[in-house]
$ cat protein-v1.txt   # compact mmCIF, C-alpha atoms and all ligand atoms
# COMPACT_ATOMS: atom_id res chain seq x y z
CA MET A 25 0.00 0.00 0.00
CA ASN A 26 1.27 3.48 -0.84
CA LYS A 27 2.20 5.68 2.07
CA LEU A 28 -0.27 8.58 2.08
CA LYS A 29 -0.02 12.01 3.61
CA CYS A 30 -3.25 12.34 5.57
CA LEU A 31 -4.83 15.33 7.27
CA VAL A 32 -7.20 14.49 10.12
CA THR A 33 -9.22 17.50 11.25
CA GLY A 34 -10.56 17.19 14.77
CA GLY A 35 -7.80 14.64 15.31
CA ALA A 36 -7.54 15.37 19.05
CA GLY A 37 -11.20 14.49 19.50
CA PHE A 38 -12.78 11.15 20.32
CA ILE A 39 -13.17 9.62 16.84
CA GLY A 40 -10.48 11.69 15.11
CA SER A 41 -7.76 10.57 17.53
CA ASN A 42 -8.65 6.91 17.01
CA ILE A 43 -8.51 7.44 13.22
CA ALA A 44 -5.21 9.34 13.37
CA LEU A 45 -3.54 6.67 15.49
CA GLU A 46 -4.79 3.87 13.22
CA LEU A 47 -3.62 5.63 10.05
CA GLN A 48 -0.23 6.10 11.71
CA ALA A 49 -0.14 2.41 12.71
CA LYS A 50 -0.84 1.51 9.07
CA GLY A 51 2.30 3.42 8.07
CA HIS A 52 0.77 6.65 6.73
CA GLU A 53 2.03 10.12 7.51
CA VAL A 54 -0.56 11.96 9.60
CA ILE A 55 -1.09 15.67 10.26
CA ILE A 56 -3.71 16.69 12.77
CA ALA A 57 -5.52 20.05 12.72
CA ASP A 58 -7.52 20.76 15.85
CA ASN A 59 -8.37 23.86 17.89
CA LEU A 60 -8.78 21.76 21.06
CA MET A 61 -12.31 23.02 21.60
CA SER A 62 -13.56 19.62 22.77
CA GLY A 63 -10.53 17.46 21.95
CA ALA A 64 -7.50 16.95 24.19
CA MET A 65 -3.83 16.15 23.70
CA SER A 66 -4.29 13.30 26.20
CA ASN A 67 -6.10 11.42 23.38
CA LEU A 68 -2.91 11.49 21.34
CA LYS A 69 -0.50 9.38 23.41
CA GLY A 70 1.83 7.69 20.93
CA PHE A 71 1.06 10.10 18.10
CA ASN A 72 4.30 11.19 16.46
CA GLY A 73 3.02 13.17 13.49
CA GLU A 74 2.56 16.91 13.14
CA PHE A 75 -0.04 18.64 15.31
CA LEU A 76 -1.44 21.97 14.13
CA LYS A 77 -3.46 23.97 16.64
CA LEU A 78 -5.79 25.47 14.12
CA ASP A 79 -9.37 26.73 13.86
CA ILE A 80 -10.39 25.36 10.48
CA SER A 81 -13.56 27.48 10.47
CA ARG A 82 -11.37 30.57 9.88
CA PRO A 83 -9.31 31.02 6.70
CA PHE A 84 -5.94 29.23 6.95
CA GLU A 85 -3.06 28.19 4.72
CA LEU A 86 -1.59 24.72 4.61
CA ASN A 87 1.22 24.56 2.10
CA GLN A 88 1.89 20.84 2.08
CA LYS A 89 0.77 18.28 -0.49
CA ILE A 90 -2.03 16.24 1.12
CA ASP A 91 -3.35 12.98 -0.39
CA LEU A 92 -6.27 12.30 1.91
CA ILE A 93 -8.39 14.41 4.26
CA ILE A 94 -10.50 12.88 7.01
CA HIS A 95 -12.71 15.68 8.27
CA GLN A 96 -13.94 15.15 11.83
CA ALA A 97 -13.68 18.68 13.25
CA ALA A 98 -17.01 20.14 14.25
CA ILE A 99 -18.84 21.62 17.18
CA THR A 100 -20.33 18.33 18.30
CA ASP A 101 -22.22 19.10 21.50
CA PRO A 102 -25.94 19.34 20.60
CA ARG A 103 -26.34 21.54 23.73
CA PHE A 104 -23.86 24.15 22.45
CA LYS A 105 -25.40 27.50 23.38
CA ASP A 106 -24.83 29.60 20.24
CA ASP A 107 -26.86 28.21 17.32
CA ASP A 108 -25.56 30.73 14.78
CA GLU A 109 -21.95 30.00 15.70
CA MET A 110 -22.52 26.25 15.45
CA MET A 111 -23.96 26.63 11.94
CA ARG A 112 -21.20 29.05 10.90
CA ALA A 113 -18.29 27.04 12.30
CA ASN A 114 -19.44 23.65 10.98
CA ILE A 115 -20.35 24.91 7.51
CA GLU A 116 -17.49 27.36 6.97
CA GLY A 117 -15.05 24.80 8.35
CA PHE A 118 -16.32 22.33 5.75
CA GLU A 119 -16.03 24.94 2.99
CA HIS A 120 -12.36 25.50 3.87
CA ILE A 121 -11.68 21.78 3.92
CA ILE A 122 -13.38 21.30 0.53
CA GLU A 123 -11.20 24.06 -0.92
CA LEU A 124 -8.10 22.39 0.53
CA ALA A 125 -9.13 19.02 -0.93
CA LYS A 126 -9.70 20.60 -4.35
CA LYS A 127 -6.35 22.40 -4.25
CA ASN A 128 -4.57 19.13 -3.44
CA ASP A 129 -6.77 16.88 -5.56
CA ALA A 130 -7.16 14.92 -2.31
CA LYS A 131 -9.93 12.50 -1.44
CA LEU A 132 -12.21 13.82 1.29
CA VAL A 133 -14.07 11.64 3.79
CA TYR A 134 -16.19 13.56 6.28
CA ALA A 135 -18.34 12.79 9.29
CA SER A 136 -22.04 13.27 8.92
CA THR A 137 -24.48 11.98 11.51
CA ALA A 138 -27.50 9.78 12.16
CA ASN A 139 -28.89 12.75 14.09
CA LEU A 140 -30.42 13.72 10.73
CA TYR A 141 -32.90 10.87 11.00
CA GLY A 142 -34.26 12.39 14.21
CA ASN A 143 -36.85 10.21 15.90
CA GLY A 144 -37.73 8.47 12.64
CA PRO A 145 -38.55 4.74 12.31
CA VAL A 146 -35.89 2.14 13.16
CA PRO A 147 -33.90 0.48 11.76
CA MET A 148 -32.99 3.75 10.08
CA LYS A 149 -32.30 3.74 6.36
CA GLU A 150 -30.42 6.16 4.18
CA SER A 151 -33.55 6.55 2.05
CA GLN A 152 -35.87 7.60 4.88
CA GLU A 153 -37.08 11.14 5.34
CA LYS A 154 -34.76 13.33 7.39
CA GLU A 155 -36.12 14.80 10.61
CA LEU A 156 -34.12 17.69 11.95
CA ILE A 157 -34.27 17.90 15.73
CA SER A 158 -31.20 20.05 16.40
CA VAL A 159 -29.10 22.84 14.95
CA TYR A 160 -26.23 20.37 15.03
CA GLY A 161 -28.18 18.07 12.68
CA LYS A 162 -29.12 21.04 10.49
CA SER A 163 -25.45 21.98 10.08
CA LYS A 164 -24.56 18.40 9.12
CA LEU A 165 -27.43 18.14 6.60
CA GLU A 166 -26.21 21.36 5.01
CA MET A 167 -22.77 19.71 4.72
CA ASP A 168 -24.36 16.70 3.02
CA PHE A 169 -26.05 19.01 0.49
CA MET A 170 -22.72 20.72 -0.18
CA ALA A 171 -21.06 17.32 -0.70
CA GLU A 172 -23.83 16.08 -3.00
CA LYS A 173 -23.22 18.98 -5.37
CA LEU A 174 -19.53 18.07 -5.57
CA PHE A 175 -19.99 14.39 -6.11
CA ASP A 176 -19.11 14.45 -9.84
CA LYS A 177 -16.27 16.93 -9.40
CA MET A 178 -14.15 15.35 -6.67
CA GLN A 179 -13.74 12.25 -4.51
CA ILE A 180 -15.94 12.88 -1.51
CA VAL A 181 -17.63 10.44 0.90
CA GLY A 182 -19.83 11.28 3.89
CA LEU A 183 -20.54 8.72 6.59
CA ARG A 184 -23.53 9.04 8.89
CA TYR A 185 -22.16 7.65 12.12
CA PHE A 186 -24.66 6.49 14.69
CA ASN A 187 -23.96 6.60 18.47
CA VAL A 188 -20.25 5.95 18.82
CA PHE A 189 -18.68 4.64 22.02
CA GLY A 190 -15.23 3.51 23.12
CA PRO A 191 -11.82 4.76 24.21
CA GLY A 192 -11.23 8.51 23.89
CA GLU A 193 -14.70 9.81 24.74
CA GLN A 194 -13.93 10.68 28.35
CA ASN A 195 -13.24 14.33 27.40
CA LYS A 196 -16.73 14.80 25.96
CA GLY A 197 -18.43 15.25 29.33
CA LYS A 198 -22.24 15.18 29.07
CA ALA A 199 -22.01 14.73 25.29
CA ALA A 200 -20.29 11.33 25.75
CA SER A 201 -22.26 8.25 24.70
CA MET A 202 -25.02 6.65 26.75
CA ILE A 203 -22.84 3.53 27.02
CA TYR A 204 -20.06 5.58 28.63
CA HIS A 205 -22.47 7.13 31.16
CA LEU A 206 -24.07 3.79 32.03
CA TYR A 207 -20.62 2.24 32.40
CA ASN A 208 -19.56 4.98 34.83
CA GLN A 209 -22.74 4.60 36.89
CA MET A 210 -22.18 0.85 37.20
CA LYS A 211 -18.50 1.36 38.02
CA GLU A 212 -19.54 3.59 40.90
CA GLY A 213 -21.79 0.80 42.18
CA LYS A 214 -25.02 2.55 41.11
CA ASN A 215 -27.83 1.11 39.04
CA PRO A 216 -27.60 2.17 35.38
CA ARG A 217 -30.19 4.89 34.84
CA LEU A 218 -32.62 4.01 32.07
CA PHE A 219 -35.33 6.44 31.05
CA LYS A 220 -38.96 5.43 30.64
CA HIS A 221 -39.11 1.64 30.88
CA GLY A 222 -35.99 0.81 28.95
CA GLU A 223 -37.88 -0.36 25.84
CA GLN A 224 -36.36 2.20 23.53
CA LYS A 225 -33.85 1.20 20.86
CA ARG A 226 -30.68 3.00 19.95
CA ASP A 227 -28.05 1.98 17.44
CA HIS A 228 -24.53 2.04 18.91
CA ILE A 229 -21.25 1.46 17.17
CA TYR A 230 -17.83 0.81 18.65
CA VAL A 231 -15.29 3.46 17.72
CA LYS A 232 -12.84 0.91 16.25
CA ASP A 233 -15.59 -0.14 13.78
CA VAL A 234 -16.10 3.51 12.87
CA VAL A 235 -12.35 3.84 12.33
CA ALA A 236 -12.29 0.73 10.11
CA ALA A 237 -15.29 1.96 8.10
CA THR A 238 -13.85 5.46 7.67
CA ILE A 239 -10.45 4.20 6.56
CA LYS A 240 -12.04 1.69 4.23
CA ALA A 241 -14.16 4.43 2.63
CA ALA A 242 -11.00 6.53 2.33
CA LEU A 243 -8.85 3.87 0.69
CA LEU A 244 -11.29 2.20 -1.71
CA PRO A 245 -11.47 3.58 -5.25
CA LYS A 246 -14.27 6.10 -5.81
CA ALA A 247 -16.96 3.93 -7.38
CA GLU A 248 -16.50 1.10 -4.90
CA SER A 249 -16.25 3.29 -1.81
CA THR A 250 -19.49 5.17 -2.47
CA THR A 251 -21.50 2.02 -3.11
CA TRP A 252 -19.92 0.29 -0.16
CA ALA A 253 -20.48 3.23 2.19
CA ARG A 254 -24.13 3.47 1.11
CA ASP A 255 -24.82 -0.21 1.69
CA TRP A 256 -22.74 -0.75 4.81
CA GLN A 257 -24.68 -1.14 8.05
CA LEU A 258 -23.99 -3.06 11.20
CA PRO A 259 -26.90 -5.08 12.56
CA LEU A 260 -29.16 -3.09 14.87
CA MET A 261 -28.48 -3.85 18.50
CA ASN A 262 -31.53 -4.49 20.63
CA TRP A 263 -31.61 -3.09 24.14
N1 LIG B 301 -19.49 10.59 18.61
C1 LIG B 301 -20.59 10.28 17.94
O1 LIG B 301 -21.42 9.47 18.39
C2 LIG B 301 -20.83 10.87 16.58
C3 LIG B 301 -21.99 10.47 15.88
C4 LIG B 301 -22.23 11.01 14.62
C5 LIG B 301 -21.33 11.88 14.03
N2 LIG B 301 -20.22 12.27 14.74
C6 LIG B 301 -19.32 13.23 14.08
O2 LIG B 301 -18.01 12.70 14.12
C7 LIG B 301 -17.06 13.76 14.25
C8 LIG B 301 -16.17 13.51 15.46
O3 LIG B 301 -17.00 13.46 16.61
P1 LIG B 301 -16.42 13.16 18.06
O4 LIG B 301 -17.43 12.39 18.80
O5 LIG B 301 -15.03 12.64 17.94
O6 LIG B 301 -16.41 14.63 18.66
P2 LIG B 301 -15.28 15.43 19.46
O7 LIG B 301 -15.97 16.65 19.97
O8 LIG B 301 -14.59 14.55 20.42
O9 LIG B 301 -14.26 15.80 18.29
C9 LIG B 301 -14.37 16.97 17.50
C10 LIG B 301 -12.99 17.57 17.41
O10 LIG B 301 -13.03 18.70 16.54
C11 LIG B 301 -12.28 19.76 17.14
N3 LIG B 301 -12.82 21.01 16.58
C12 LIG B 301 -14.05 21.52 16.74
N4 LIG B 301 -14.19 22.65 16.02
C13 LIG B 301 -12.99 22.85 15.39
C14 LIG B 301 -12.49 23.84 14.51
N5 LIG B 301 -13.25 24.87 14.11
N6 LIG B 301 -11.22 23.75 14.06
C15 LIG B 301 -10.43 22.69 14.43
N7 LIG B 301 -10.86 21.73 15.28
C16 LIG B 301 -12.11 21.80 15.74
C17 LIG B 301 -12.50 19.60 18.63
O11 LIG B 301 -11.52 20.23 19.42
C18 LIG B 301 -12.46 18.08 18.75
O12 LIG B 301 -11.13 17.64 18.94
C19 LIG B 301 -17.84 15.05 14.35
O13 LIG B 301 -17.88 15.69 13.09
C20 LIG B 301 -19.23 14.58 14.76
O14 LIG B 301 -20.24 15.45 14.30
C21 LIG B 301 -19.95 11.78 15.98
$ encode --input "protein-v1.txt" --output "structure tokens" --more "lines below"
Ligand SMILES: NC(=O)c1ccc[n+]([C@@H]2O[C@H](COP(=O)([O-])OP(=O)(O)OC[C@H]3O[C@@H](n4cnc5c(N)ncnc54)[C@H](O)[C@@H]3O)[C@@H](O)[C@H]2O)c1
Amino acid sequence: MNKLKCLVTGGAGFIGSNIALELQAKGHEVIIADNLMSGAMSNLKGFNGEFLKLDISRPFELNQKIDLIIHQAAITDPRFKDDDEMMRANIEGFEHIIELAKKNDAKLVYASTANLYGNGPVPMKESQEKELISVYGKSKLEMDFMAEKLFDKMQIVGLRYFNVFGPGEQNKGKAASMIYHLYNQMKEGKNPRLFKHGEQKRDHIYVKDVVAATIKAALLPKAESTTWARDWQLPLMNW
């Protein structure tokens, strides 16, 4: 496999750090761009690539030839207080990353979200109607529209992650996964706190599976990766 020069935005965050470390382990050169808004350097033990403390939602220059961009940076906390800033930062950040990908003729894989399906029927399908329940989801749907328009012009793949859990999410506080919160309650000797009567279903995915899926989408040739990403689903977990 060719050694690629990869940029991981949001690479100090939960999912981004797992992706950056795996790309590094596979022998690729990795640059991380992160403003440390919700990410932390403690997620990057063992990372020996370049770290750029950078707000990608503001204009920036990166004068290095990049082969692959994995775009994870975003304001991710649905409870973030400033709706306008969340829309601006997530969308303008994506615009800058698209420009960078075009300039480098680099493939771009970005994180969308299952939040777009709202409280719609399960198991959720790509084809079902979107139901926007948060500004966060609105910003991500806007990103998907931007990506759709570029589909014939560049190599771009968006992945709608569901509820991700696993190592690296401890810095997310309240925005960490339900699994993480239940785990902590049980570790403290408390009963796990389920709402209503515990009959609800939620689709969870382990972060290492998200990493594998993201890297696979990044490394497959265009035609294959889009079909594969569209059809790829893990079985729904019942709770
Ligand atoms: N965790 C999940 O369950 C989940 C589900 C669906 C989609 N996603 C998406 O996956 C991506 C990663 O999520 P996560 O859970 O790792 O979140 P996270 O908050 O841990 O990571 C986001 C990272 O982006 C950085 N960042 C934010 N704004 C930035 C900016 N303007 N410039 C540079 N860096 C910036 C943060 O500091 C952080 O390190 C996000 O785009 C998120 O929307 C996550």
$ axis_aligned_box --input "protein-v1.txt" --around "range 161-172 of chain A" --padding-each-side "4 Å" --output "AutoDock Vina command-line options"
--center_x -25.1 --center_y 19.0 --center_z 4.8 --size_x 16.1 --size_y 13.9 --size_z 23.7
$ residues_near_point --input "protein-v1.txt" --point "(2.4, 21.4, 2.9)" --cutoff "12 Å" --atoms "all atoms listed in the file" --output "list in words"
Lys29, Cys30, Leu31, Val54, Ile55, Glu74, Leu76, Glu85, Leu86, Asn87, Gln88, Lys89, Ile90, Asp91, Leu124, Lys127 and Asn128 of chain A
$ residues_near_point --input "protein-v1.txt" --point "(-26.6, 23.8, 13.7)" --cutoff "6 Å" --atoms "only C-alpha atoms" --output "count of residues only"
7
$ residues_around --input "protein-v1.txt" --residues "range 192-203 of chain A" --least-positions-apart "5" --cutoff "12 Å" --atoms "only C-alpha atoms" --output "number ranges by chain"
A: 35-43, 45, 60-69, 99-104, 186-187, 208-210, 216-219, 225-232, 263
$ atom_distance --input "protein-v1.txt" --atom1 "CA of His205 in chain A" --atom2 "atom N1 of ligand LIG 301 (chain B)"
13.4 Å
$ closest_residue --input "protein-v1.txt" --among "A:Lys149, A:Lys50, A:Lys105, A:Lys164" --to "ligand LIG 301 (chain B)" --atoms "only C-alpha atoms and all ligand atoms"
A:Lys164
$ residues_around --input "protein-v1.txt" --residues "Leu183 in chain A" --least-positions-apart "5" --cutoff "8 Å" --atoms "only C-alpha atoms" --output "list of chain:residue names"
A:Val133, A:Tyr134, A:Ala135, A:Ser136, A:Thr137, A:Thr238, A:Ala253
$ atom_distance --input "protein-v1.txt" --atom1 "CA of Ile94 in chain A" --atom2 "CA of Ser151 in chain A"
24.4 Å
$ atom_distance --input "protein-v1.txt" --atom1 "atom N7 of ligand LIG 301 (chain B)" --atom2 "CA of Met170 in chain A"
19.5 Å
$ closest_residue --input "protein-v1.txt" --among "A:Leu28, A:Leu47, A:Leu206, A:Ala241" --to "Phe189 in chain A" --atoms "all atoms listed in the file"
A:Leu206
$ closest_residue --input "protein-v1.txt" --among "A:Ile239, A:Met167, A:Val32, A:Val188" --to "ligand LIG 301 (chain B)" --atoms "only C-alpha atoms and all ligand atoms"
A:Val188
$ residues_around --input "protein-v1.txt" --residues "Leu132 in chain A" --least-positions-apart "5" --cutoff "10 Å" --atoms "all atoms listed in the file" --output "MDAnalysis selection string"
chainID A and resid 31 91:95 121:122 124:126 171 178:182 241:242
$ write_last_selection --input "protein-v1.txt" --atoms "C-alpha atoms" --output "tab-separated table (two decimals), keeping the file's coordinate frame"
chain	number	residue	atom	x	y	z
A	31	LEU	CA	-4.83	15.33	7.27
A	91	ASP	CA	-3.35	12.98	-0.39
A	92	LEU	CA	-6.27	12.30	1.91
A	93	ILE	CA	-8.39	14.41	4.26
A	94	ILE	CA	-10.50	12.88	7.01
A	95	HIS	CA	-12.71	15.68	8.27
A	121	ILE	CA	-11.68	21.78	3.92
A	122	ILE	CA	-13.38	21.30	0.53
A	124	LEU	CA	-8.10	22.39	0.53
A	125	ALA	CA	-9.13	19.02	-0.93
A	126	LYS	CA	-9.70	20.60	-4.35
A	171	ALA	CA	-21.06	17.32	-0.70
A	178	MET	CA	-14.15	15.35	-6.67
A	179	GLN	CA	-13.74	12.25	-4.51
A	180	ILE	CA	-15.94	12.88	-1.51
A	181	VAL	CA	-17.63	10.44	0.90
A	182	GLY	CA	-19.83	11.28	3.89
A	241	ALA	CA	-14.16	4.43	2.63
A	242	ALA	CA	-11.00	6.53	2.33
$ closest_residue --input "protein-v1.txt" --among "A:Asp129, A:Glu46, A:Asp106, A:Glu116" --to "Lys177 in chain A" --atoms "only C-alpha atoms"
A:Asp129
$ closest_residue --input "protein-v1.txt" --among "A:Val234, A:Ile56, A:Leu165, A:Ile80" --to "ligand LIG 301 (chain B)" --atoms "all atoms listed in the file"
A:Ile80
$ closest_residue --input "protein-v1.txt" --among "A:Asn139, A:Asn72, A:Ser158, A:Ser81" --to "Arg184 in chain A" --atoms "all atoms listed in the file"
A:Asn139
$ decode --input "protein-v1.txt" --residues "range 35-57 of chain A" --atoms "N, CA and C atoms" --output "PDB file, in the first residue's frame"
ATOM      1  N   GLY A  35      -8.567  15.845  14.973  1.00  0.00           N
ATOM      2  CA  GLY A  35      -7.798  14.640  15.307  1.00  0.00           C
ATOM      3  C   GLY A  35      -7.451  14.493  16.775  1.00  0.00           C
ATOM      4  N   ALA A  36      -7.750  15.529  17.602  1.00  0.00           N
ATOM      5  CA  ALA A  36      -7.544  15.369  19.049  1.00  0.00           C
ATOM      6  C   ALA A  36      -8.847  14.953  19.726  1.00  0.00           C
ATOM      7  N   GLY A  37      -9.906  14.857  18.934  1.00  0.00           N
ATOM      8  CA  GLY A  37     -11.204  14.486  19.495  1.00  0.00           C
ATOM      9  C   GLY A  37     -11.340  12.980  19.634  1.00  0.00           C
ATOM     10  N   PHE A  38     -12.506  12.561  20.040  1.00  0.00           N
ATOM     11  CA  PHE A  38     -12.780  11.149  20.320  1.00  0.00           C
ATOM     12  C   PHE A  38     -12.524  10.280  19.072  1.00  0.00           C
ATOM     13  N   ILE A  39     -13.289  10.496  18.015  1.00  0.00           N
ATOM     14  CA  ILE A  39     -13.169   9.618  16.842  1.00  0.00           C
ATOM     15  C   ILE A  39     -11.902   9.955  16.052  1.00  0.00           C
ATOM     16  N   GLY A  40     -11.636  11.257  15.903  1.00  0.00           N
ATOM     17  CA  GLY A  40     -10.475  11.690  15.113  1.00  0.00           C
ATOM     18  C   GLY A  40      -9.165  11.133  15.642  1.00  0.00           C
ATOM     19  N   SER A  41      -9.021  11.079  16.972  1.00  0.00           N
ATOM     20  CA  SER A  41      -7.757  10.574  17.534  1.00  0.00           C
ATOM     21  C   SER A  41      -7.612   9.081  17.237  1.00  0.00           C
ATOM     22  N   ASN A  42      -8.703   8.346  17.334  1.00  0.00           N
ATOM     23  CA  ASN A  42      -8.651   6.908  17.008  1.00  0.00           C
ATOM     24  C   ASN A  42      -8.289   6.694  15.539  1.00  0.00           C
ATOM     25  N   ILE A  43      -8.824   7.560  14.654  1.00  0.00           N
ATOM     26  CA  ILE A  43      -8.508   7.437  13.221  1.00  0.00           C
ATOM     27  C   ILE A  43      -7.038   7.794  12.976  1.00  0.00           C
ATOM     28  N   ALA A  44      -6.596   8.890  13.593  1.00  0.00           N
ATOM     29  CA  ALA A  44      -5.212   9.345  13.368  1.00  0.00           C
ATOM     30  C   ALA A  44      -4.217   8.264  13.805  1.00  0.00           C
ATOM     31  N   LEU A  45      -4.476   7.678  14.968  1.00  0.00           N
ATOM     32  CA  LEU A  45      -3.536   6.665  15.486  1.00  0.00           C
ATOM     33  C   LEU A  45      -3.547   5.408  14.615  1.00  0.00           C
ATOM     34  N   GLU A  46      -4.712   5.065  14.077  1.00  0.00           N
ATOM     35  CA  GLU A  46      -4.789   3.867  13.223  1.00  0.00           C
ATOM     36  C   GLU A  46      -4.105   4.127  11.876  1.00  0.00           C
ATOM     37  N   LEU A  47      -4.301   5.307  11.319  1.00  0.00           N
ATOM     38  CA  LEU A  47      -3.619   5.626  10.052  1.00  0.00           C
ATOM     39  C   LEU A  47      -2.103   5.583  10.253  1.00  0.00           C
ATOM     40  N   GLN A  48      -1.667   6.126  11.391  1.00  0.00           N
ATOM     41  CA  GLN A  48      -0.234   6.096  11.715  1.00  0.00           C
ATOM     42  C   GLN A  48       0.252   4.653  11.837  1.00  0.00           C
ATOM     43  N   ALA A  49      -0.523   3.819  12.529  1.00  0.00           N
ATOM     44  CA  ALA A  49      -0.136   2.409  12.710  1.00  0.00           C
ATOM     45  C   ALA A  49      -0.063   1.681  11.373  1.00  0.00           C
ATOM     46  N   LYS A  50      -0.861   2.143  10.393  1.00  0.00           N
ATOM     47  CA  LYS A  50      -0.838   1.515   9.066  1.00  0.00           C
ATOM     48  C   LYS A  50       0.302   2.056   8.204  1.00  0.00           C
ATOM     49  N   GLY A  51       1.097   2.958   8.766  1.00  0.00           N
ATOM     50  CA  GLY A  51       2.301   3.420   8.066  1.00  0.00           C
ATOM     51  C   GLY A  51       2.115   4.719   7.289  1.00  0.00           C
ATOM     52  N   HIS A  52       0.980   5.386   7.445  1.00  0.00           N
ATOM     53  CA  HIS A  52       0.772   6.646   6.731  1.00  0.00           C
ATOM     54  C   HIS A  52       1.328   7.816   7.541  1.00  0.00           C
ATOM     55  N   GLU A  53       1.588   8.904   6.826  1.00  0.00           N
ATOM     56  CA  GLU A  53       2.026  10.124   7.512  1.00  0.00           C
ATOM     57  C   GLU A  53       0.771  10.917   7.886  1.00  0.00           C
ATOM     58  N   VAL A  54       0.691  11.326   9.139  1.00  0.00           N
ATOM     59  CA  VAL A  54      -0.555  11.961   9.597  1.00  0.00           C
ATOM     60  C   VAL A  54      -0.282  13.353  10.159  1.00  0.00           C
ATOM     61  N   ILE A  55      -1.100  14.310   9.693  1.00  0.00           N
ATOM     62  CA  ILE A  55      -1.086  15.666  10.259  1.00  0.00           C
ATOM     63  C   ILE A  55      -2.452  15.861  10.906  1.00  0.00           C
ATOM     64  N   ILE A  56      -2.438  16.416  12.097  1.00  0.00           N
ATOM     65  CA  ILE A  56      -3.713  16.693  12.771  1.00  0.00           C
ATOM     66  C   ILE A  56      -3.933  18.199  12.827  1.00  0.00           C
ATOM     67  N   ALA A  57      -5.138  18.646  12.518  1.00  0.00           N
ATOM     68  CA  ALA A  57      -5.519  20.050  12.720  1.00  0.00           C
ATOM     69  C   ALA A  57      -6.679  20.072  13.702  1.00  0.00           C
TER      70      ALA A  57
END
